[in-house]
$ cat structure19.pdb   # PDB, C-alpha atoms
ATOM      1  CA  GLU A  11      -6.432  12.737  18.816
ATOM      2  CA  ALA A  12      -3.006  13.108  17.242
ATOM      3  CA  GLY A  13      -2.231  10.683  14.451
ATOM      4  CA  VAL A  14       0.910   8.760  13.598
ATOM      5  CA  ALA A  15       3.786  11.148  13.011
ATOM      6  CA  GLN A  16       6.654  10.479  10.641
ATOM      7  CA  SER A  17       9.737  12.413   9.644
ATOM      8  CA  PRO A  18      11.196  13.404   7.359
ATOM      9  CA  ARG A  19       8.465  13.537   4.696
ATOM     10  CA  TYR A  20      10.956  13.430   1.858
ATOM     11  CA  LYS A  21      14.548  12.276   1.553
ATOM     12  CA  ILE A  22      16.895  12.114  -1.412
ATOM     13  CA  ILE A  23      20.188  10.258  -1.083
ATOM     14  CA  GLU A  24      22.750   8.631  -3.306
ATOM     15  CA  LYS A  25      23.183   4.883  -3.438
ATOM     16  CA  ARG A  26      25.427   3.428  -0.754
ATOM     17  CA  GLN A  27      24.527   6.252   1.644
ATOM     18  CA  SER A  28      22.667   5.699   4.892
ATOM     19  CA  VAL A  29      19.263   7.033   5.890
ATOM     20  CA  ALA A  30      17.018   6.876   8.924
ATOM     21  CA  PHE A  31      13.302   7.405   9.350
ATOM     22  CA  TRP A  32      11.464   8.210  12.553
ATOM     23  CA  CYS A  33       7.955   7.307  13.670
ATOM     24  CA  ASN A  34       5.869   8.330  16.675
ATOM     25  CA  PRO A  35       2.756   6.145  16.961
ATOM     26  CA  ILE A  36      -0.591   7.100  18.445
ATOM     27  CA  SER A  37      -0.368   7.282  22.213
ATOM     28  CA  GLY A  38      -1.228   3.997  23.856
ATOM     29  CA  HIS A  39      -0.854   1.876  20.724
ATOM     30  CA  ALA A  40       1.192  -1.173  21.581
ATOM     31  CA  THR A  41       1.787  -2.399  18.053
ATOM     32  CA  LEU A  42       3.880  -0.548  15.497
ATOM     33  CA  TYR A  43       4.511  -1.467  11.875
ATOM     34  CA  TRP A  44       6.876  -0.345   9.151
ATOM     35  CA  TYR A  45       5.755  -0.842   5.556
ATOM     36  CA  GLN A  46       7.505  -0.256   2.254
ATOM     37  CA  GLN A  47       5.341   0.909  -0.642
ATOM     38  CA  ILE A  48       6.854   0.903  -4.097
ATOM     39  CA  LEU A  49       5.102   3.029  -6.697
ATOM     40  CA  GLY A  50       2.028   1.278  -8.080
ATOM     41  CA  GLN A  51       1.977  -1.442  -5.446
ATOM     42  CA  GLY A  52       0.323  -1.988  -2.109
ATOM     43  CA  PRO A  53       2.266  -1.551   1.124
ATOM     44  CA  LYS A  54       4.525  -4.461   2.103
ATOM     45  CA  LEU A  55       5.141  -5.153   5.775
ATOM     46  CA  LEU A  56       8.801  -4.902   6.750
ATOM     47  CA  ILE A  57       8.632  -5.292  10.507
ATOM     48  CA  GLN A  58       6.062  -5.435  13.303
ATOM     49  CA  PHE A  59       6.724  -4.542  16.928
ATOM     50  CA  GLN A  60       4.607  -5.403  19.946
ATOM     51  CA  ASN A  61       5.722  -2.871  22.554
ATOM     52  CA  ASN A  62       9.510  -3.012  22.153
ATOM     53  CA  GLY A  63       9.719  -6.599  20.947
ATOM     54  CA  VAL A  64       9.848  -7.761  17.324
ATOM     55  CA  VAL A  65       6.860  -9.904  16.307
ATOM     56  CA  ASP A  66       7.539 -10.314  12.583
ATOM     57  CA  ASP A  67      10.545  -9.208  10.562
ATOM     58  CA  SER A  68      10.465 -11.976   7.965
ATOM     59  CA  GLN A  69      10.361  -9.530   5.032
ATOM     60  CA  LEU A  70      12.991  -7.135   6.365
ATOM     61  CA  PRO A  71      16.239  -7.238   4.316
ATOM     62  CA  LYS A  72      18.405  -7.600   7.369
ATOM     63  CA  ASP A  73      21.668  -7.147   5.537
ATOM     64  CA  ARG A  74      20.851  -3.471   5.041
ATOM     65  CA  PHE A  75      17.692  -2.627   6.969
ATOM     66  CA  SER A  76      17.383  -2.335  10.729
ATOM     67  CA  ALA A  77      14.668  -1.074  13.039
ATOM     68  CA  GLU A  78      14.300  -0.492  16.717
ATOM     69  CA  ARG A  79      11.608   0.610  19.097
ATOM     70  CA  LEU A  80      13.286   1.546  22.312
ATOM     71  CA  LYS A  81      10.992   2.000  25.321
ATOM     72  CA  GLY A  82       8.070   0.697  23.272
ATOM     73  CA  VAL A  83       7.040   4.078  21.856
ATOM     74  CA  ASP A  84       8.988   5.794  19.059
ATOM     75  CA  SER A  85      10.669   3.781  16.364
ATOM     76  CA  THR A  86      13.414   4.298  13.815
ATOM     77  CA  LEU A  87      14.010   2.452  10.563
ATOM     78  CA  LYS A  88      17.483   2.602   9.047
ATOM     79  CA  ILE A  89      18.860   1.632   5.670
ATOM     80  CA  GLN A  90      22.611   1.190   5.340
ATOM     81  CA  PRO A  91      23.761   1.165   2.580
ATOM     82  CA  ALA A  92      20.878   2.201   0.333
ATOM     83  CA  LYS A  93      20.298   0.707  -3.105
ATOM     84  CA  LEU A  94      18.394   2.121  -6.048
ATOM     85  CA  GLU A  95      15.578  -0.374  -5.498
ATOM     86  CA  ASP A  96      14.983   1.042  -2.006
ATOM     87  CA  SER A  97      13.285   4.061  -3.568
ATOM     88  CA  ALA A  98       9.787   3.898  -2.126
ATOM     89  CA  VAL A  99       7.456   5.391   0.456
ATOM     90  CA  TYR A 100       8.082   4.104   3.957
ATOM     91  CA  LEU A 101       4.899   4.002   6.006
ATOM     92  CA  CYS A 102       4.606   3.664   9.725
ATOM     93  CA  ALA A 103       1.367   2.416  11.296
ATOM     94  CA  SER A 104       0.160   1.612  14.788
ATOM     95  CA  SER A 105      -2.740  -0.287  16.284
ATOM     96  CA  LEU A 106      -4.334  -1.107  19.613
ATOM     97  CA  ASP A 107      -4.887  -4.784  18.908
ATOM     98  CA  SER A 108      -8.366  -5.061  20.312
ATOM     99  CA  GLY A 109      -8.467  -8.828  20.184
ATOM    100  CA  SER A 110     -11.470 -10.568  18.677
ATOM    101  CA  ILE A 111     -13.155  -7.272  17.769
ATOM    102  CA  GLY A 112     -10.674  -6.848  14.965
ATOM    103  CA  LYS A 113      -7.916  -4.310  14.811
ATOM    104  CA  GLU A 114      -7.591  -1.119  12.820
ATOM    105  CA  GLU A 115      -4.218   0.130  11.717
ATOM    106  CA  PHE A 116      -3.606   3.865  11.678
ATOM    107  CA  PHE A 117      -1.057   4.999   9.134
ATOM    108  CA  GLY A 118       1.230   7.982   9.095
ATOM    109  CA  PRO A 119       1.794  10.135   5.984
ATOM    110  CA  GLY A 120       4.936   8.248   5.021
ATOM    111  CA  THR A 121       8.472   9.192   4.059
ATOM    112  CA  ARG A 122       9.219   9.279   0.350
ATOM    113  CA  LEU A 123      12.773   8.056  -0.253
ATOM    114  CA  THR A 124      14.528   8.597  -3.549
ATOM    115  CA  VAL A 125      17.852   6.844  -4.067
ATOM    116  CA  LEU A 126      19.943   8.246  -6.934
TER     117      LEU A 126
ATOM    118  CA  LEU B  19      -2.672 -15.752   4.800
ATOM    119  CA  ALA B  20      -5.690 -15.553   2.494
ATOM    120  CA  LYS B  21      -4.995 -14.035  -0.919
ATOM    121  CA  THR B  22      -7.370 -11.478  -2.390
ATOM    122  CA  THR B  23      -8.252 -10.643  -5.983
ATOM    123  CA  GLN B  24      -9.850  -7.353  -6.964
ATOM    124  CA  PRO B  25     -10.113  -5.334 -10.181
ATOM    125  CA  ILE B  26      -7.081  -3.230 -10.985
ATOM    126  CA  SER B  27      -9.125  -0.161 -11.847
ATOM    127  CA  MET B  28     -12.663   1.212 -12.097
ATOM    128  CA  ASP B  29     -14.177   4.402 -13.442
ATOM    129  CA  SER B  30     -17.374   6.057 -12.257
ATOM    130  CA  TYR B  31     -19.273   9.295 -12.705
ATOM    131  CA  GLU B  32     -20.035  11.529  -9.797
ATOM    132  CA  GLY B  33     -23.232  10.691  -7.950
ATOM    133  CA  GLN B  34     -23.224   7.030  -8.906
ATOM    134  CA  GLU B  35     -22.985   4.092  -6.540
ATOM    135  CA  VAL B  36     -19.731   2.161  -6.874
ATOM    136  CA  ASN B  37     -19.376  -1.491  -5.962
ATOM    137  CA  ILE B  38     -15.912  -3.041  -5.752
ATOM    138  CA  THR B  39     -15.866  -6.805  -5.391
ATOM    139  CA  CYS B  40     -13.016  -8.736  -3.832
ATOM    140  CA  SER B  41     -12.493 -12.497  -4.067
ATOM    141  CA  HIS B  42     -10.927 -14.385  -1.162
ATOM    142  CA  ASN B  43     -11.622 -18.061  -1.818
ATOM    143  CA  ASN B  44      -9.349 -19.430   0.921
ATOM    144  CA  ILE B  45     -10.542 -17.218   3.739
ATOM    145  CA  ALA B  46     -10.101 -18.841   7.148
ATOM    146  CA  THR B  47     -12.753 -19.193   9.815
ATOM    147  CA  ASN B  48     -11.311 -16.485  12.054
ATOM    148  CA  ASP B  49     -10.420 -14.042   9.278
ATOM    149  CA  TYR B  50     -11.971 -10.591   9.101
ATOM    150  CA  ILE B  51     -12.439  -8.653   5.856
ATOM    151  CA  THR B  52     -11.124  -5.107   5.930
ATOM    152  CA  TRP B  53     -11.076  -2.325   3.356
ATOM    153  CA  TYR B  54      -8.634   0.560   3.296
ATOM    154  CA  GLN B  55      -8.585   3.704   1.147
ATOM    155  CA  GLN B  56      -5.417   5.450   0.033
ATOM    156  CA  PHE B  57      -5.113   8.897  -1.513
ATOM    157  CA  PRO B  58      -1.924   9.965  -3.308
ATOM    158  CA  SER B  59       0.876  10.972  -0.951
ATOM    159  CA  GLN B  60      -1.005   9.674   2.084
ATOM    160  CA  GLY B  61      -1.004   6.487   4.108
ATOM    161  CA  PRO B  62      -3.934   4.064   3.822
ATOM    162  CA  ARG B  63      -7.016   4.858   5.868
ATOM    163  CA  PHE B  64      -9.402   2.317   7.370
ATOM    164  CA  ILE B  65     -12.869   2.380   5.778
ATOM    165  CA  ILE B  66     -14.814  -0.598   7.022
ATOM    166  CA  GLN B  67     -14.431  -4.083   8.433
ATOM    167  CA  GLY B  68     -16.743  -7.072   8.678
ATOM    168  CA  TYR B  69     -16.948 -10.752   9.389
ATOM    169  CA  LYS B  70     -20.235 -11.821   7.773
ATOM    170  CA  THR B  71     -23.514 -10.444   6.333
ATOM    171  CA  LYS B  72     -23.660  -6.682   6.001
ATOM    172  CA  VAL B  73     -21.875  -3.845   7.745
ATOM    173  CA  THR B  74     -22.658  -0.175   7.201
ATOM    174  CA  ASN B  75     -21.021   2.979   8.476
ATOM    175  CA  GLU B  76     -21.132   6.629   7.520
ATOM    176  CA  VAL B  77     -18.725   6.079   4.641
ATOM    177  CA  ALA B  78     -19.577   2.748   3.026
ATOM    178  CA  SER B  79     -21.323  -0.590   3.205
ATOM    179  CA  LEU B  80     -19.702  -4.003   3.126
ATOM    180  CA  PHE B  81     -21.637  -6.983   1.832
ATOM    181  CA  ILE B  82     -20.384 -10.466   2.678
ATOM    182  CA  PRO B  83     -22.226 -13.565   1.383
ATOM    183  CA  ALA B  84     -22.760 -16.596   3.562
ATOM    184  CA  ASP B  85     -19.760 -18.502   2.172
ATOM    185  CA  ARG B  86     -17.496 -15.464   2.805
ATOM    186  CA  LYS B  87     -15.473 -16.226  -0.323
ATOM    187  CA  SER B  88     -16.015 -12.737  -1.626
ATOM    188  CA  SER B  89     -17.048  -9.331  -0.389
ATOM    189  CA  THR B  90     -18.316  -6.124  -1.980
ATOM    190  CA  LEU B  91     -17.475  -2.623  -0.883
ATOM    191  CA  SER B  92     -20.287  -0.230  -1.776
ATOM    192  CA  LEU B  93     -19.704   3.519  -1.954
ATOM    193  CA  PRO B  94     -22.957   5.453  -2.298
ATOM    194  CA  ARG B  95     -23.076   8.517  -4.534
ATOM    195  CA  VAL B  96     -19.350   8.960  -5.101
ATOM    196  CA  SER B  97     -17.758  12.354  -5.526
ATOM    197  CA  LEU B  98     -14.478  13.451  -7.085
ATOM    198  CA  SER B  99     -12.862  13.230  -3.649
ATOM    199  CA  ASP B 100     -13.471   9.472  -3.582
ATOM    200  CA  THR B 101     -10.843   9.021  -6.292
ATOM    201  CA  ALA B 102      -8.319   6.766  -4.574
ATOM    202  CA  VAL B 103      -6.936   3.245  -4.370
ATOM    203  CA  TYR B 104      -9.088   0.809  -2.392
ATOM    204  CA  TYR B 105      -7.503  -2.245  -0.778
ATOM    205  CA  CYS B 106      -9.306  -5.397   0.305
ATOM    206  CA  LEU B 107      -7.520  -7.326   3.044
ATOM    207  CA  VAL B 108      -8.297 -10.599   4.716
ATOM    208  CA  GLY B 109      -6.702 -11.837   7.878
ATOM    209  CA  GLY B 110      -7.048 -12.643  11.517
ATOM    210  CA  HIS B 111      -7.104  -9.380  13.369
ATOM    211  CA  SER B 112      -6.518 -10.569  16.823
ATOM    212  CA  GLY B 113      -3.079 -10.961  18.252
ATOM    213  CA  ASN B 114      -0.124 -10.531  15.973
ATOM    214  CA  THR B 115      -1.405 -11.428  12.507
ATOM    215  CA  PRO B 116      -0.260  -8.694  10.117
ATOM    216  CA  LEU B 117      -2.264  -7.203   7.251
ATOM    217  CA  VAL B 118      -1.262  -8.204   3.720
ATOM    218  CA  PHE B 119      -1.974  -5.613   1.046
ATOM    219  CA  GLY B 120      -2.493  -6.497  -2.617
ATOM    220  CA  LYS B 121      -2.308  -3.976  -5.447
ATOM    221  CA  GLY B 122      -5.763  -2.588  -4.754
ATOM    222  CA  THR B 123      -8.391  -1.101  -7.057
ATOM    223  CA  ARG B 124      -7.758   2.340  -8.464
ATOM    224  CA  LEU B 125     -11.098   4.161  -8.559
ATOM    225  CA  SER B 126     -11.352   7.214 -10.773
ATOM    226  CA  VAL B 127     -14.417   9.407 -10.332
ATOM    227  CA  ILE B 128     -15.243  11.601 -13.291
ATOM    228  CA  ALA B 129     -17.322  14.776 -13.209
TER     229      ALA B 129
END

$ encode --input "structure19.pdb" --output "structure tokens"
Amino acid sequence: EAGVAQSPRYKIIEKRQSVAFWCNPISGHATLYWYQQILGQGPKLLIQFQNNGVVDDSQLPKDRFSAERLKGVDSTLKIQPAKLEDSAVYLCASSLDSGSIGKEEFFGPGTRLTVL
Amino acid sequence: LAKTTQPISMDSYEGQEVNITCSHNNIATNDYITWYQQFPSQGPRFIIQGYKTKVTNEVASLFIPADRKSSTLSLPRVSLSDTAVYYCLVGGHSGNTPLVFGKGTRLSVIA
């Protein structure tokens, strides 16, 4: 079974530039998540999609971050304009949401963003 | 969402059993306890999940006392490849409740 795919793996940009990340979840997974992981910390949820609808984006800095999941499959996360503090690994995850059994989230390898 | 507390770091020699305890005093009735493992430059990977008592799989065991206010991840006979960060998470895993990661426990296995 193919895992969660993300691209690019690495990205270096200057502050005030724009950047976009792409994620392809595991086939059949209805729920997709974007996390931000700053060095030395645990992942922080930015946004959660259920199919193509947003379930939770309370921690997404909406003045500069945006995300979409058209057709309920692939997703893109965009930062415009980037700030130095956006340097982090951006993780995409997906899950089946198996109800009361408890869900497991499958993570991609992440995109390491460096903002200079 | 229930908050978790776990040691920042632990060291162990190869071949030893490692127990990482996590405190979650305000766990809710419908919350599950889940542990993830993360290697450098990789996303977290699910290890084990439980609700109460003991759960065992091919990788680890999870011990949960009756009051569920803590849990212990047990890794039998660790090897160098078990060096990673281990996250304890508590939350309702049905519907749309997201996972909340803390800082995790950095386990270093020494030869």

$ residues_around --input "structure19.pdb" --residues "Ser41 of chain B" --least-positions-apart "2" --cutoff "8 Å" --atoms "only C-alpha atoms" --output "PyMOL selection string"
chain B and resi 22-24+39+43+87-89

$ interface_residues --input "structure19.pdb" --of "chain A" --to "chain B" --cutoff "12 Å" --atoms "only C-alpha atoms" --output "ChimeraX atom specification"
/A:13-16,19-20,40-61,63-69,98-122

$ atom_distance --input "structure19.pdb" --atom1 "atom CA of Thr101 of chain B" --atom2 "atom CA of Thr123 of chain B"
10.4 Å

$ atom_distance --input "structure19.pdb" --atom1 "atom CA of Leu93 of chain B" --atom2 "atom CA of Leu80 of chain B"
9.1 Å

$ resolve_selection --input "structure19.pdb" --expression "the PyMOL selection byres ((chain B and resi 44) around 8)" --output "ChimeraX atom specification"
/B:20-21,42-43,45-46,87

$ closest_residue --input "structure19.pdb" --among "A:Ala12, A:Ile89, A:Val83, A:Asn62" --to "Ser28 of chain A" --atoms "all atoms listed in the file"
A:Ile89

$ resolve_selection --input "structure19.pdb" --expression "the PyMOL selection byres ((chain B and resi 31) around 10)" --output "PyMOL selection string"
chain B and resi 29-30+32-36+95-98+126-129

$ closest_residue --input "structure19.pdb" --among "B:Leu125, B:Leu107, B:Val73, B:Ala84" --to "Asn37 of chain B" --atoms "only C-alpha atoms"
B:Leu125

$ atom_distance --input "structure19.pdb" --atom1 "atom CA of Ser79 of chain B" --atom2 "atom CA of Phe57 of chain B"
19.4 Å

$ resolve_selection --input "structure19.pdb" --expression "the PyMOL selection byres ((chain A and resi 32) around 7)" --output "ChimeraX atom specification"
/A:16-17,30-31,33-34,85-87

$ closest_residue --input "structure19.pdb" --among "A:Lys21, A:Asp84, A:Ala92, A:Leu126" --to "Ser37 of chain A" --atoms "only C-alpha atoms"
A:Asp84

$ residues_around --input "structure19.pdb" --residues "Val125 of chain A" --least-positions-apart "6" --cutoff "9 Å" --atoms "only C-alpha atoms" --output "tab-separated table (two decimals) with C-alpha atoms, keeping the file's coordinate frame"
chain	number	residue	atom	x	y	z
A	21	LYS	CA	14.55	12.28	1.55
A	22	ILE	CA	16.90	12.11	-1.41
A	23	ILE	CA	20.19	10.26	-1.08
A	24	GLU	CA	22.75	8.63	-3.31
A	25	LYS	CA	23.18	4.88	-3.44
A	26	ARG	CA	25.43	3.43	-0.75
A	27	GLN	CA	24.53	6.25	1.64
A	92	ALA	CA	20.88	2.20	0.33
A	93	LYS	CA	20.30	0.71	-3.10
A	94	LEU	CA	18.39	2.12	-6.05
A	95	GLU	CA	15.58	-0.37	-5.50
A	96	ASP	CA	14.98	1.04	-2.01
A	97	SER	CA	13.28	4.06	-3.57
A	98	ALA	CA	9.79	3.90	-2.13

$ closest_residue --input "structure19.pdb" --among "B:Ser92, B:Ser99, B:Ser27, B:Gln55" --to "Asn75 of chain B" --atoms "only C-alpha atoms"
B:Ser92
